[in-house]
file input.txt (compact mmCIF, C-alpha atoms and all ligand atoms)
# COMPACT_ATOMS: atom_id res chain seq x y z
CA MET N 1384 -9.48 29.28 40.18
CA ASN N 1385 -12.11 31.86 40.86
CA TYR N 1386 -15.30 31.20 38.87
CA PHE N 1387 -19.08 31.01 39.09
CA LEU N 1388 -21.90 29.32 37.18
CA LYS N 1389 -24.46 31.21 35.11
CA CYS N 1390 -27.70 29.90 33.63
CA VAL N 1391 -27.60 30.19 29.86
CA ASN N 1392 -31.39 30.77 29.81
CA CYS N 1393 -32.28 33.11 32.70
CA GLY N 1394 -28.83 34.43 33.60
CA THR N 1395 -29.09 33.53 37.30
CA VAL N 1396 -25.68 33.20 38.87
CA TYR N 1397 -24.81 30.24 41.14
CA ASP N 1398 -22.03 29.37 43.52
CA PRO N 1399 -20.37 26.16 42.30
CA LYS N 1400 -20.34 24.92 45.90
CA GLU N 1401 -24.15 25.01 45.90
CA ILE N 1402 -25.16 23.86 42.41
CA MET N 1403 -23.48 21.00 40.56
CA TYR N 1404 -25.41 20.59 37.36
CA THR N 1405 -28.28 22.77 36.06
CA CYS N 1406 -30.39 25.82 36.93
CA PRO N 1407 -33.20 24.76 39.30
CA LYS N 1408 -35.46 27.52 37.92
CA CYS N 1409 -35.14 26.59 34.23
CA GLY N 1410 -34.72 22.82 34.55
CA PRO N 1411 -32.14 20.55 32.93
CA ARG N 1412 -33.16 21.15 29.32
CA LEU N 1413 -32.91 24.93 29.03
CA GLY N 1414 -31.12 25.71 32.27
CA THR N 1415 -27.64 24.49 31.34
CA LEU N 1416 -24.90 26.41 33.08
CA GLU N 1417 -21.95 28.33 31.73
CA VAL N 1418 -18.75 28.41 33.74
CA VAL N 1419 -17.72 32.08 34.03
CA ILE N 1420 -14.13 32.64 35.08
CA ASN N 1421 -13.71 35.87 37.05
CA GLU N 1422 -10.19 36.71 36.15
CA TYR N 1423 -7.86 34.98 33.76
CA PRO N 1424 -4.15 34.92 34.42
CA LYS N 1425 -1.98 36.76 31.93
CA HIS N 1426 -0.64 34.04 29.74
CA SER N 1427 1.15 33.68 26.48
CA SER N 1428 3.05 30.41 26.34
CA PHE N 1429 1.56 26.94 26.51
CA ASP N 1430 3.54 23.73 26.77
CA LEU N 1431 1.28 21.51 24.66
CA LYS N 1432 3.96 18.97 23.91
CA SER N 1433 4.55 17.79 27.42
CA LYS N 1434 1.21 18.66 29.00
CA GLY N 1435 -1.56 18.23 26.41
CA ILE N 1436 -4.83 19.73 27.68
CA TRP N 1437 -3.24 20.55 31.05
CA ALA N 1438 -1.20 23.24 29.32
CA PHE N 1439 -4.42 25.22 29.79
CA SER N 1440 -4.86 24.37 33.49
CA ASP N 1441 -4.98 27.94 34.65
CA LEU N 1442 -7.74 28.70 32.13
CA LEU N 1443 -9.87 25.85 33.52
CA PRO N 1444 -12.19 25.87 36.56
CA ILE N 1445 -10.04 23.54 38.65
CA ASP N 1446 -7.92 23.80 41.78
CA GLU N 1447 -4.19 24.27 41.55
CA ASP N 1448 -3.54 20.83 43.07
CA HIS N 1449 -6.11 19.13 40.79
CA TYR N 1450 -6.02 15.46 39.79
CA GLU N 1451 -4.92 14.67 36.22
CA VAL N 1452 -5.84 11.41 34.48
CA PRO N 1453 -2.61 9.50 33.86
CA LEU N 1454 -3.11 9.30 30.10
CA PHE N 1455 -1.90 11.84 27.54
CA ILE N 1456 -4.87 13.86 26.29
CA GLY N 1457 -4.89 16.62 23.70
CA ASN N 1458 -2.08 18.16 21.66
CA THR N 1459 -3.63 16.26 18.77
CA PRO N 1460 -2.10 16.94 15.37
CA ILE N 1461 -3.26 19.71 13.08
CA TYR N 1462 -2.43 19.47 9.39
CA GLU N 1463 -2.27 22.32 6.90
CA LYS N 1464 -3.69 21.19 3.54
CA LYS N 1465 -2.69 23.73 0.95
CA ALA N 1466 -3.49 21.72 -2.19
CA LEU N 1467 -6.91 20.68 -0.91
CA ALA N 1468 -7.62 24.27 0.16
CA LYS N 1469 -6.81 25.43 -3.35
CA LYS N 1470 -9.02 22.77 -4.89
CA LEU N 1471 -11.94 23.95 -2.75
CA GLY N 1472 -11.23 27.64 -3.37
CA LEU N 1473 -10.15 28.37 0.22
CA SER N 1474 -7.14 30.44 1.19
CA ASP N 1475 -6.13 27.87 3.80
CA LEU N 1476 -7.44 24.67 5.34
CA TRP N 1477 -6.41 22.90 8.53
CA ILE N 1478 -7.52 19.47 9.72
CA LYS N 1479 -7.43 18.91 13.48
CA ASN N 1480 -7.37 15.17 14.12
CA ASP N 1481 -8.88 14.46 17.52
CA GLY N 1482 -9.23 10.79 16.69
CA ARG N 1483 -5.68 10.65 18.08
CA ASN N 1484 -6.81 10.99 21.70
CA PRO N 1485 -6.35 7.96 24.01
CA THR N 1486 -9.78 6.43 23.45
CA GLY N 1487 -10.07 7.80 19.92
CA SER N 1488 -12.31 10.85 20.21
CA TYR N 1489 -12.69 14.49 21.21
CA LYS N 1490 -14.66 13.31 24.26
CA ASP N 1491 -11.48 12.51 26.19
CA ARG N 1492 -11.02 16.25 26.73
CA ALA N 1493 -14.36 16.43 28.56
CA THR N 1494 -13.98 13.19 30.47
CA ALA N 1495 -10.64 14.33 31.84
CA MET N 1496 -12.40 17.33 33.39
CA ALA N 1497 -15.25 15.18 34.74
CA ILE N 1498 -12.74 12.94 36.48
CA THR N 1499 -10.80 15.87 37.94
CA LYS N 1500 -14.08 17.22 39.35
CA ALA N 1501 -15.29 13.83 40.61
CA LYS N 1502 -11.97 13.27 42.42
CA ALA N 1503 -12.16 16.71 44.04
CA LEU N 1504 -15.67 15.90 45.27
CA ASN N 1505 -14.69 12.39 46.45
CA PHE N 1506 -16.86 10.43 44.01
CA ASN N 1507 -15.61 7.03 42.93
CA THR N 1508 -18.39 6.11 40.49
CA ILE N 1509 -19.28 8.09 37.37
CA TYR N 1510 -22.17 7.35 35.02
CA CYS N 1511 -23.14 8.59 31.60
CA ALA N 1512 -25.43 8.00 28.69
CA SER N 1513 -23.74 8.24 25.36
CA THR N 1514 -24.03 7.49 21.68
CA GLY N 1515 -20.71 5.70 22.21
CA ASN N 1516 -17.69 7.98 22.38
CA ALA N 1517 -18.35 9.71 25.69
CA ALA N 1518 -18.97 6.21 27.02
CA SER N 1519 -15.76 4.66 25.74
CA SER N 1520 -13.90 7.73 26.93
CA LEU N 1521 -15.41 7.49 30.41
CA ALA N 1522 -14.67 3.76 30.54
CA GLY N 1523 -11.03 4.26 29.53
CA LEU N 1524 -10.26 7.25 31.70
CA THR N 1525 -11.97 5.87 34.82
CA ALA N 1526 -10.00 2.63 34.34
CA ALA N 1527 -6.78 4.65 34.25
CA SER N 1528 -7.87 6.51 37.38
CA GLY N 1529 -8.95 3.49 39.44
CA MET N 1530 -12.60 4.56 39.35
CA LYS N 1531 -15.84 2.83 38.34
CA SER N 1532 -18.05 3.70 35.38
CA ILE N 1533 -21.65 2.79 34.72
CA ILE N 1534 -22.68 3.35 31.17
CA PHE N 1535 -25.92 3.54 29.21
CA VAL N 1536 -25.67 3.28 25.43
CA PRO N 1537 -28.26 2.48 22.76
CA LYS N 1538 -27.81 -1.21 21.97
CA THR N 1539 -27.24 -0.18 18.33
CA ALA N 1540 -23.94 1.59 19.16
CA PRO N 1541 -21.09 0.38 16.89
CA GLU N 1542 -19.37 -2.81 18.03
CA ALA N 1543 -15.95 -1.19 18.38
CA LYS N 1544 -17.28 1.35 20.87
CA ILE N 1545 -19.10 -1.32 22.91
CA THR N 1546 -15.93 -3.43 22.83
CA GLN N 1547 -13.97 -0.51 24.27
CA LEU N 1548 -16.44 -0.32 27.17
CA LEU N 1549 -16.09 -3.99 28.00
CA VAL N 1550 -12.32 -4.05 27.59
CA TYR N 1551 -11.94 -1.16 30.03
CA GLY N 1552 -14.21 -2.90 32.54
CA ALA N 1553 -17.20 -0.57 32.56
CA ILE N 1554 -20.61 -1.76 33.69
CA VAL N 1555 -22.57 -1.55 30.45
CA MET N 1556 -26.32 -1.11 30.06
CA ALA N 1557 -27.14 -1.55 26.36
CA VAL N 1558 -30.54 0.11 26.21
CA ASP N 1559 -33.23 -1.21 23.91
CA GLY N 1560 -34.04 2.31 22.76
CA THR N 1561 -32.55 5.51 21.38
CA TYR N 1562 -29.74 7.61 22.83
CA ASP N 1563 -32.38 10.10 23.94
CA GLU N 1564 -34.14 7.38 25.95
CA ALA N 1565 -30.84 6.10 27.35
CA PHE N 1566 -30.06 9.65 28.51
CA ASP N 1567 -33.28 10.05 30.52
CA LEU N 1568 -32.94 6.54 31.95
CA SER N 1569 -29.34 7.15 33.06
CA THR N 1570 -30.26 10.43 34.76
CA GLU N 1571 -33.03 8.76 36.73
CA ILE N 1572 -30.81 5.92 37.92
CA GLY N 1573 -27.73 8.09 38.42
CA ASN N 1574 -29.68 10.54 40.59
CA GLU N 1575 -31.23 7.75 42.62
CA PHE N 1576 -27.87 6.19 43.47
CA GLY N 1577 -25.93 9.44 43.78
CA TRP N 1578 -23.20 8.73 41.21
CA TYR N 1579 -21.33 11.58 39.54
CA SER N 1580 -22.82 12.58 36.15
CA ARG N 1581 -20.79 12.78 32.97
CA ASN N 1582 -23.91 13.53 30.97
CA SER N 1583 -23.53 16.01 28.14
CA ALA N 1584 -24.75 19.55 28.84
CA ILE N 1585 -25.92 18.61 32.35
CA ASN N 1586 -22.39 18.74 33.72
CA PRO N 1587 -21.09 22.26 32.97
CA TYR N 1588 -17.41 21.29 33.32
CA LEU N 1589 -17.41 18.98 30.29
CA LEU N 1590 -17.58 21.96 27.97
CA GLU N 1591 -14.59 23.49 29.76
CA GLY N 1592 -12.53 20.40 28.99
CA LYS N 1593 -13.72 20.45 25.42
CA LYS N 1594 -12.78 24.10 24.89
CA THR N 1595 -9.12 23.04 24.98
CA GLY N 1596 -9.55 21.76 21.40
CA ALA N 1597 -10.07 25.30 20.11
CA MET N 1598 -7.36 26.68 22.38
CA GLU N 1599 -4.92 24.18 20.96
CA VAL N 1600 -5.74 25.29 17.43
CA VAL N 1601 -4.91 28.87 18.39
CA VAL N 1602 -1.54 27.85 19.84
CA GLN N 1603 -0.74 25.41 17.03
CA LEU N 1604 -1.48 28.06 14.40
CA ASP N 1605 0.73 30.50 16.26
CA PHE N 1606 -2.21 32.75 17.22
CA LYS N 1607 -3.51 33.01 13.68
CA VAL N 1608 -7.32 32.62 13.62
CA PRO N 1609 -9.14 30.83 10.77
CA ASP N 1610 -12.23 32.54 9.34
CA PHE N 1611 -14.36 29.44 9.93
CA ALA N 1612 -14.25 26.55 12.42
CA ILE N 1613 -16.35 23.55 11.41
CA VAL N 1614 -17.46 20.67 13.60
CA SER N 1615 -20.23 18.09 13.75
CA VAL N 1616 -23.09 18.47 16.22
CA GLY N 1617 -25.20 16.07 18.27
CA ASP N 1618 -26.18 17.44 21.69
CA GLY N 1619 -24.44 20.71 20.89
CA THR N 1620 -21.75 20.77 23.58
CA VAL N 1621 -18.71 20.32 21.35
CA VAL N 1622 -19.74 23.13 19.00
CA SER N 1623 -20.40 25.40 22.01
CA SER N 1624 -17.05 24.50 23.51
CA ILE N 1625 -15.23 25.50 20.37
CA TYR N 1626 -16.80 28.94 20.55
CA LYS N 1627 -15.87 29.19 24.24
CA GLY N 1628 -12.26 28.14 23.61
CA PHE N 1629 -11.74 30.84 21.00
CA LYS N 1630 -13.67 33.35 23.11
CA ASP N 1631 -11.48 32.74 26.15
CA MET N 1632 -8.36 33.20 24.04
CA LYS N 1633 -9.79 36.51 22.83
CA THR N 1634 -10.71 37.57 26.38
CA ILE N 1635 -7.13 36.97 27.46
CA GLY N 1636 -5.98 39.09 24.54
CA LEU N 1637 -4.12 36.38 22.65
CA ILE N 1638 -6.26 36.68 19.51
CA ASP N 1639 -8.37 39.52 18.19
CA LYS N 1640 -11.28 37.67 16.56
CA ILE N 1641 -13.34 34.51 16.88
CA PRO N 1642 -13.94 32.32 13.84
CA LYS N 1643 -17.46 31.91 12.55
CA ILE N 1644 -18.47 28.58 14.07
CA ILE N 1645 -20.24 26.20 11.69
CA GLY N 1646 -22.14 23.25 13.18
CA VAL N 1647 -22.79 20.28 10.90
CA GLN N 1648 -25.64 17.85 11.54
CA ALA N 1649 -26.82 14.72 9.80
CA GLU N 1650 -29.99 15.46 7.83
CA GLY N 1651 -31.89 12.70 9.68
CA ALA N 1652 -30.82 14.13 13.04
CA ASN N 1653 -30.90 17.87 12.45
CA ALA N 1654 -32.87 19.02 15.49
CA ILE N 1655 -30.47 21.90 16.17
CA VAL N 1656 -30.52 23.07 12.55
CA ARG N 1657 -34.31 23.26 12.80
CA THR N 1658 -34.29 25.07 16.13
CA PHE N 1659 -31.65 27.53 14.91
CA GLU N 1660 -33.61 28.27 11.75
CA SER N 1661 -36.86 28.72 13.72
CA GLY N 1662 -35.22 31.60 15.60
CA HIS N 1663 -36.81 30.42 18.88
CA PHE N 1664 -33.81 28.91 20.61
CA ASP N 1665 -35.71 28.34 23.85
CA ARG N 1666 -38.33 26.19 22.10
CA PRO N 1667 -36.26 23.21 20.92
CA VAL N 1668 -37.55 21.19 18.01
CA ASP N 1669 -37.17 17.51 18.92
CA ILE N 1670 -37.26 14.78 16.28
CA ASP N 1671 -36.79 11.02 15.79
CA ALA N 1672 -33.15 10.79 14.84
CA HIS N 1673 -31.64 8.47 12.23
CA SER N 1674 -28.18 8.60 10.66
CA ILE N 1675 -25.16 6.47 9.84
CA ALA N 1676 -23.27 9.00 11.94
CA ASP N 1677 -24.25 7.26 15.19
CA SER N 1678 -22.35 9.73 17.40
CA ILE N 1679 -24.55 12.60 16.29
CA ALA N 1680 -27.82 10.66 15.95
CA VAL N 1681 -29.46 12.79 18.63
CA GLY N 1682 -33.13 13.78 18.44
CA LYS N 1683 -33.44 15.64 21.73
CA PRO N 1684 -30.25 17.68 21.95
CA ARG N 1685 -29.38 18.65 25.52
CA ASP N 1686 -27.23 21.70 24.80
CA VAL N 1687 -29.43 23.17 22.09
CA LEU N 1688 -29.93 26.60 23.65
CA LYS N 1689 -26.25 27.24 24.29
CA ALA N 1690 -25.25 25.91 20.88
CA CYS N 1691 -27.74 28.16 19.06
CA LYS N 1692 -26.90 31.26 21.10
CA TRP N 1693 -23.15 30.93 20.86
CA VAL N 1694 -22.97 29.88 17.21
CA LYS N 1695 -25.12 32.91 16.40
CA GLU N 1696 -22.85 35.13 18.50
CA SER N 1697 -19.88 33.95 16.45
CA GLY N 1698 -21.66 34.89 13.22
CA GLY N 1699 -21.85 31.24 12.20
CA TYR N 1700 -24.72 28.86 11.51
CA PHE N 1701 -25.74 25.20 11.24
CA VAL N 1702 -26.03 23.04 8.18
CA SER N 1703 -27.34 19.52 7.43
CA VAL N 1704 -25.58 16.91 5.32
CA THR N 1705 -27.05 13.64 4.05
CA ASP N 1706 -25.76 10.20 5.06
CA GLU N 1707 -24.59 9.78 1.47
CA GLU N 1708 -22.54 12.99 1.74
CA ILE N 1709 -21.09 11.80 5.07
CA GLY N 1710 -20.15 8.41 3.60
CA LYS N 1711 -18.42 10.05 0.63
CA ALA N 1712 -16.70 12.51 2.99
CA ILE N 1713 -15.16 9.65 5.02
CA ILE N 1714 -13.49 8.34 1.87
CA GLU N 1715 -12.50 11.66 0.35
CA LEU N 1716 -11.06 13.00 3.60
CA ALA N 1717 -9.02 9.82 4.06
CA ARG N 1718 -7.72 9.85 0.50
CA GLU N 1719 -6.98 13.60 0.42
CA THR N 1720 -5.41 13.89 3.86
CA GLY N 1721 -4.66 10.45 5.32
CA VAL N 1722 -7.04 11.18 8.21
CA PHE N 1723 -9.64 8.45 8.68
CA GLY N 1724 -12.60 9.84 10.60
CA GLU N 1725 -15.65 8.04 11.89
CA PRO N 1726 -18.90 9.23 10.27
CA ALA N 1727 -19.44 12.05 12.79
CA GLY N 1728 -15.81 13.10 12.36
CA ALA N 1729 -16.00 13.19 8.59
CA ALA N 1730 -19.37 15.01 8.75
CA ALA N 1731 -17.43 18.22 9.37
CA TYR N 1732 -15.65 17.71 6.06
CA ALA N 1733 -18.99 16.98 4.36
CA GLY N 1734 -20.21 20.32 5.75
CA LEU N 1735 -17.15 22.11 4.40
CA LYS N 1736 -17.70 20.62 0.94
CA LYS N 1737 -21.32 21.67 0.99
CA LEU N 1738 -20.47 25.24 2.00
CA ALA N 1739 -17.22 25.65 0.07
CA LYS N 1740 -18.82 28.11 -2.33
CA ASP N 1741 -19.60 30.44 0.60
CA PHE N 1742 -16.04 30.16 1.89
CA GLN N 1743 -14.16 31.20 -1.26
CA GLY N 1744 -10.90 32.94 -0.43
CA LYS N 1745 -11.41 32.30 3.30
CA SER N 1746 -9.60 30.01 5.71
CA ALA N 1747 -11.13 27.17 7.71
CA VAL N 1748 -10.27 24.57 10.31
CA ILE N 1749 -12.24 21.36 10.54
CA PHE N 1750 -12.31 19.21 13.65
CA VAL N 1751 -12.30 15.48 13.00
CA THR N 1752 -13.77 14.42 16.31
CA GLY N 1753 -13.61 10.62 16.16
CA ASN N 1754 -11.34 7.90 14.79
CA GLY N 1755 -12.49 5.97 11.72
CA LEU N 1756 -11.73 2.59 13.29
CA LYS N 1757 -14.59 3.14 15.74
CA ASP N 1758 -17.17 2.37 13.06
CA ILE N 1759 -15.85 0.38 10.13
CA LYS N 1760 -19.25 -0.80 8.92
CA SER N 1761 -20.32 2.59 7.62
CA ALA N 1762 -16.92 3.20 6.03
CA MET N 1763 -16.95 -0.19 4.30
CA ASN N 1764 -20.21 0.69 2.57
CA PHE N 1765 -18.42 3.50 0.76
CA ALA N 1766 -14.85 2.25 0.59
CA GLY N 1767 -14.70 0.12 -2.58
CA ARG N 1768 -14.04 -3.58 -2.82
CA VAL N 1769 -11.41 -6.15 -2.03
CA ASN N 1770 -9.81 -8.30 -4.74
CA TYR N 1771 -9.89 -11.95 -3.69
CA VAL N 1772 -7.08 -13.95 -5.31
CA LYS N 1773 -5.60 -17.42 -5.21
CA PRO N 1774 -1.98 -17.69 -3.99
CA ASP N 1775 -0.89 -17.62 -7.62
CA PRO N 1776 0.87 -14.72 -9.47
CA LYS N 1777 -1.17 -15.50 -12.59
CA ASP N 1778 -4.37 -14.87 -10.71
CA VAL N 1779 -2.98 -11.58 -9.30
CA LYS N 1780 -1.96 -10.42 -12.78
CA SER N 1781 -5.34 -11.33 -14.19
CA VAL N 1782 -7.04 -9.19 -11.52
CA LEU N 1783 -4.57 -6.31 -12.07
CA ARG N 1784 -5.45 -6.42 -15.77
CA GLN N 1785 -9.18 -6.52 -15.08
CA ILE N 1786 -9.07 -3.47 -12.87
CA GLY N 1787 -6.78 -1.59 -15.25
CA VAL N 1788 -3.63 -1.35 -13.09
CA ILE N 1789 -1.57 -3.14 -15.79
CA GLN N 1790 -2.12 -3.43 -19.53
CA GLU N 1791 -3.26 -6.50 -21.45
CA GLY N 1792 -0.54 -8.77 -22.81
C1 LIG N 1801 -17.16 11.82 17.11
C2 LIG N 1801 -18.13 12.84 17.63
N1 LIG N 1801 -18.28 13.98 16.95
C3 LIG N 1801 -19.16 14.93 17.35
C4 LIG N 1801 -19.96 14.74 18.46
C5 LIG N 1801 -20.95 15.81 18.81
O1 LIG N 1801 -20.80 16.33 20.08
P1 LIG N 1801 -22.05 16.97 20.83
O2 LIG N 1801 -22.97 15.82 21.16
O3 LIG N 1801 -21.47 17.62 22.01
O4 LIG N 1801 -22.70 17.91 19.88
C6 LIG N 1801 -19.85 13.54 19.18
C7 LIG N 1801 -20.71 13.28 20.34
O5 LIG N 1801 -20.93 12.14 20.72
C8 LIG N 1801 -18.91 12.57 18.76
O6 LIG N 1801 -18.76 11.42 19.42
ZN ZN N 1802 -32.19 29.54 34.65
call {"tool": "encode", "arguments": {"input": "input.txt", "output": "structure tokens"}}
result
Amino acid sequence: MNYFLKCVNCGTVYDPKEIMYTCPKCGPRLGTLEVVINEYPKHSSFDLKSKGIWAFSDLLPIDEDHYEVPLFIGNTPIYEKKALAKKLGLSDLWIKNDGRNPTGSYKDRATAMAITKAKALNFNTIYCASTGNAASSLAGLTAASGMKSIIFVPKTAPEAKITQLLVYGAIVMAVDGTYDEAFDLSTEIGNEFGWYSRNSAINPYLLEGKKTGAMEVVVQLDFKVPDFAIVSVGDGTVVSSIYKGFKDMKTIGLIDKIPKIIGVQAEGANAIVRTFESGHFDRPVDIDAHSIADSIAVGKPRDVLKACKWVKESGGYFVSVTDEEIGKAIIELARETGVFGEPAGAAAYAGLKKLAKDFQGKSAVIFVTGNGLKDIKSAMNFAGRVNYVKPDPKDVKSVLRQIGVIQEG
């Protein structure tokens, strides 16, 4: 594959053999790199069913004889929800469930690329800082590839995600601090010891793996393009990747428009919303982040410039939703569609609900980026209550009467 790297801030072009991560002139915060592919092959059929994300191999910056993680990634289900669309006033609504990836989140798409690249460069150890999902993904996919992972997570990450790390045999540093602090710490240590970085935004190839989510939607919808694509946002890489996936499909000539990309943030962690609204994308607004949506509790987003530029280019925008709205969205999404998303996954649905009045008569796809079983504590707070009964039919009937499932008598 013939490609080069381009700084998203100053536009300087780099040879991928010379620069691995970010633009030396602009630094790691603003100088994130875009992978620019020189010439795409002519392509019109994709074997998602047997290949998953590798159906898009020749649209990715990898060698022909690249390594592929021996786990099935991608080709996650997409569901058309006509009744729910009607209820919300939309012409059509699709739910893309990426919680069905091997470690339960969208991040597996990016990790697969990181591992392909690390193998090509002869690295055996990969590190990352993560709110939890990139970490569990890296732990799982390195295990499957016979590699080592060293992982920095805030010690407050949900138990299920930390359990995944330990089960897969990662070396885990639970940092007594925020994700933003864990990120800077991991970079310092990772650089010192020369491990390969799977840190969001810093590694330009992660976004390329993630773009396969949007490409899959295009193929699964038979090259029909929704008016809006909605996804939750932490560092800003996933939302950027969705733009890039649709854009690449347009460049190849398989679709003729790009959806308006809508990024959804938690109100207590809405640094990108603030930067976008300020209009000064190269002066990021950093905040102290707090949200039940741990995956997107990011105060110093690392891909803020790209996310703002590309979402604007698509004609889309960013929106904040409260933790209460996210909690309710977990439950409503599960009961309306059968898809149980973790808080950050359901945040996209909360965003859709909030904006539904602007979307009347339009079509939308929402990406549920993480599996609900990854964080049951938040869901339990909104899910209702259990009926405790004795092993006695009389007791069951008495409860059924109390809660109105059967009538008195
Ligand atoms: C489930 C889930 N959704 C959304 C995101 C947001 O991705 P990004 O940080 O690239 O904006 C993450 C990131 O950790 C995530 O784990
Ligand atoms: Zn630059």
call {"tool": "residues_near_ligand", "arguments": {"input": "input.txt", "ligand": "ligand LIG 1801 (chain N)", "cutoff": "7 Å", "atoms": "all atoms listed in the file", "output": "number ranges by chain"}}
result
N: 1488-1490, 1513-1517, 1583, 1615-1622, 1678-1679, 1725, 1727-1728, 1752-1753
call {"tool": "residues_near_ligand", "arguments": {"input": "input.txt", "ligand": "ligand ZN 1802 (chain N)", "cutoff": "8 Å", "atoms": "all atoms listed in the file", "output": "list of chain:residue names"}}
result
N:Lys1389, N:Cys1390, N:Val1391, N:Asn1392, N:Cys1393, N:Gly1394, N:Thr1395, N:Thr1405, N:Cys1406, N:Pro1407, N:Lys1408, N:Cys1409, N:Gly1410, N:Leu1413, N:Gly1414, N:Thr1415
call {"tool": "atom_distance", "arguments": {"input": "input.txt", "atom1": "atom CA of N:Glu1719", "atom2": "atom CA of N:Ala1466"}}
result
9.2 Å
call {"tool": "residues_around", "arguments": {"input": "input.txt", "residues": "N:Glu1791", "least_positions_apart": "3", "cutoff": "12 Å", "atoms": "only C-alpha atoms", "output": "ChimeraX atom specification"}}
result
/N:1780-1788
call {"tool": "write_last_selection", "arguments": {"input": "input.txt", "atoms": "C-alpha atoms", "output": "PDB file, in the coordinates of the input"}}
result
ATOM      1  CA  LYS N1780      -1.960 -10.420 -12.780  1.00  0.00           C
ATOM      2  CA  SER N1781      -5.340 -11.330 -14.190  1.00  0.00           C
ATOM      3  CA  VAL N1782      -7.040  -9.190 -11.520  1.00  0.00           C
ATOM      4  CA  LEU N1783      -4.570  -6.310 -12.070  1.00  0.00           C
ATOM      5  CA  ARG N1784      -5.450  -6.420 -15.770  1.00  0.00           C
ATOM      6  CA  GLN N1785      -9.180  -6.520 -15.080  1.00  0.00           C
ATOM      7  CA  ILE N1786      -9.070  -3.470 -12.870  1.00  0.00           C
ATOM      8  CA  GLY N1787      -6.780  -1.590 -15.250  1.00  0.00           C
ATOM      9  CA  VAL N1788      -3.630  -1.350 -13.090  1.00  0.00           C
TER      10      VAL N1788
END
call {"tool": "closest_residue", "arguments": {"input": "input.txt", "among": "N:Ile1645, N:Ile1445, N:Ile1420, N:Ala1501", "to": "N:Phe1659", "atoms": "only C-alpha atoms"}}
result
N:Ile1645
call {"tool": "closest_residue", "arguments": {"input": "input.txt", "among": "N:Asp1605, N:Asp1481, N:Asp1677, N:Asp1775", "to": "N:Lys1538", "atoms": "all atoms listed in the file"}}
result
N:Asp1677
call {"tool": "closest_residue", "arguments": {"input": "input.txt", "among": "N:Thr1486, N:Asn1480, N:Thr1658, N:Asn1458", "to": "N:Lys1757", "atoms": "all atoms listed in the file"}}
result
N:Thr1486
call {"tool": "residues_around", "arguments": {"input": "input.txt", "residues": "N:Asn1586", "least_positions_apart": "4", "cutoff": "10 Å", "atoms": "only C-alpha atoms", "output": "number ranges by chain"}}
result
N: 1403-1405, 1411, 1415-1417, 1493, 1497, 1579-1582, 1590-1591
call {"tool": "atom_distance", "arguments": {"input": "input.txt", "atom1": "atom CA of N:Asn1385", "atom2": "atom CA of N:Leu1688"}}
result
25.3 Å
call {"tool": "atom_distance", "arguments": {"input": "input.txt", "atom1": "atom CA of N:Glu1401", "atom2": "atom CA of N:Trp1578"}}
result
17.0 Å
call {"tool": "closest_residue", "arguments": {"input": "input.txt", "among": "N:Arg1685, N:Lys1500, N:Lys1777, N:Lys1736", "to": "N:Arg1412", "atoms": "all atoms listed in the file"}}
result
N:Arg1685
call {"tool": "residues_around", "arguments": {"input": "input.txt", "residues": "N:Lys1627", "least_positions_apart": "5", "cutoff": "12 Å", "atoms": "all atoms listed in the file", "output": "ChimeraX atom specification"}}
result
/N:1417-1420,1442-1443,1589-1598,1620-1622,1632-1634,1641-1642,1644,1689-1690,1692-1694,1696-1697
call {"tool": "residues_around", "arguments": {"input": "input.txt", "residues": "N:Ile1534", "least_positions_apart": "6", "cutoff": "12 Å", "atoms": "all atoms listed in the file", "output": "ChimeraX atom specification"}}
result
/N:1508-1523,1525,1544-1545,1547-1549,1551-1558,1562,1565-1566,1568-1570,1572-1573,1578-1582
call {"tool": "write_last_selection", "arguments": {"input": "input.txt", "atoms": "C-alpha atoms", "output": "compact mmCIF listing (two decimals), in the frame of the given file"}}
result
# COMPACT_ATOMS: atom_id res chain seq x y z
CA THR N 1508 -18.39 6.11 40.49
CA ILE N 1509 -19.28 8.09 37.37
CA TYR N 1510 -22.17 7.35 35.02
CA CYS N 1511 -23.14 8.59 31.60
CA ALA N 1512 -25.43 8.00 28.69
CA SER N 1513 -23.74 8.24 25.36
CA THR N 1514 -24.03 7.49 21.68
CA GLY N 1515 -20.71 5.70 22.21
CA ASN N 1516 -17.69 7.98 22.38
CA ALA N 1517 -18.35 9.71 25.69
CA ALA N 1518 -18.97 6.21 27.02
CA SER N 1519 -15.76 4.66 25.74
CA SER N 1520 -13.90 7.73 26.93
CA LEU N 1521 -15.41 7.49 30.41
CA ALA N 1522 -14.67 3.76 30.54
CA GLY N 1523 -11.03 4.26 29.53
CA THR N 1525 -11.97 5.87 34.82
CA LYS N 1544 -17.28 1.35 20.87
CA ILE N 1545 -19.10 -1.32 22.91
CA GLN N 1547 -13.97 -0.51 24.27
CA LEU N 1548 -16.44 -0.32 27.17
CA LEU N 1549 -16.09 -3.99 28.00
CA TYR N 1551 -11.94 -1.16 30.03
CA GLY N 1552 -14.21 -2.90 32.54
CA ALA N 1553 -17.20 -0.57 32.56
CA ILE N 1554 -20.61 -1.76 33.69
CA VAL N 1555 -22.57 -1.55 30.45
CA MET N 1556 -26.32 -1.11 30.06
CA ALA N 1557 -27.14 -1.55 26.36
CA VAL N 1558 -30.54 0.11 26.21
CA TYR N 1562 -29.74 7.61 22.83
CA ALA N 1565 -30.84 6.10 27.35
CA PHE N 1566 -30.06 9.65 28.51
CA LEU N 1568 -32.94 6.54 31.95
CA SER N 1569 -29.34 7.15 33.06
CA THR N 1570 -30.26 10.43 34.76
CA ILE N 1572 -30.81 5.92 37.92
CA GLY N 1573 -27.73 8.09 38.42
CA TRP N 1578 -23.20 8.73 41.21
CA TYR N 1579 -21.33 11.58 39.54
CA SER N 1580 -22.82 12.58 36.15
CA ARG N 1581 -20.79 12.78 32.97
CA ASN N 1582 -23.91 13.53 30.97
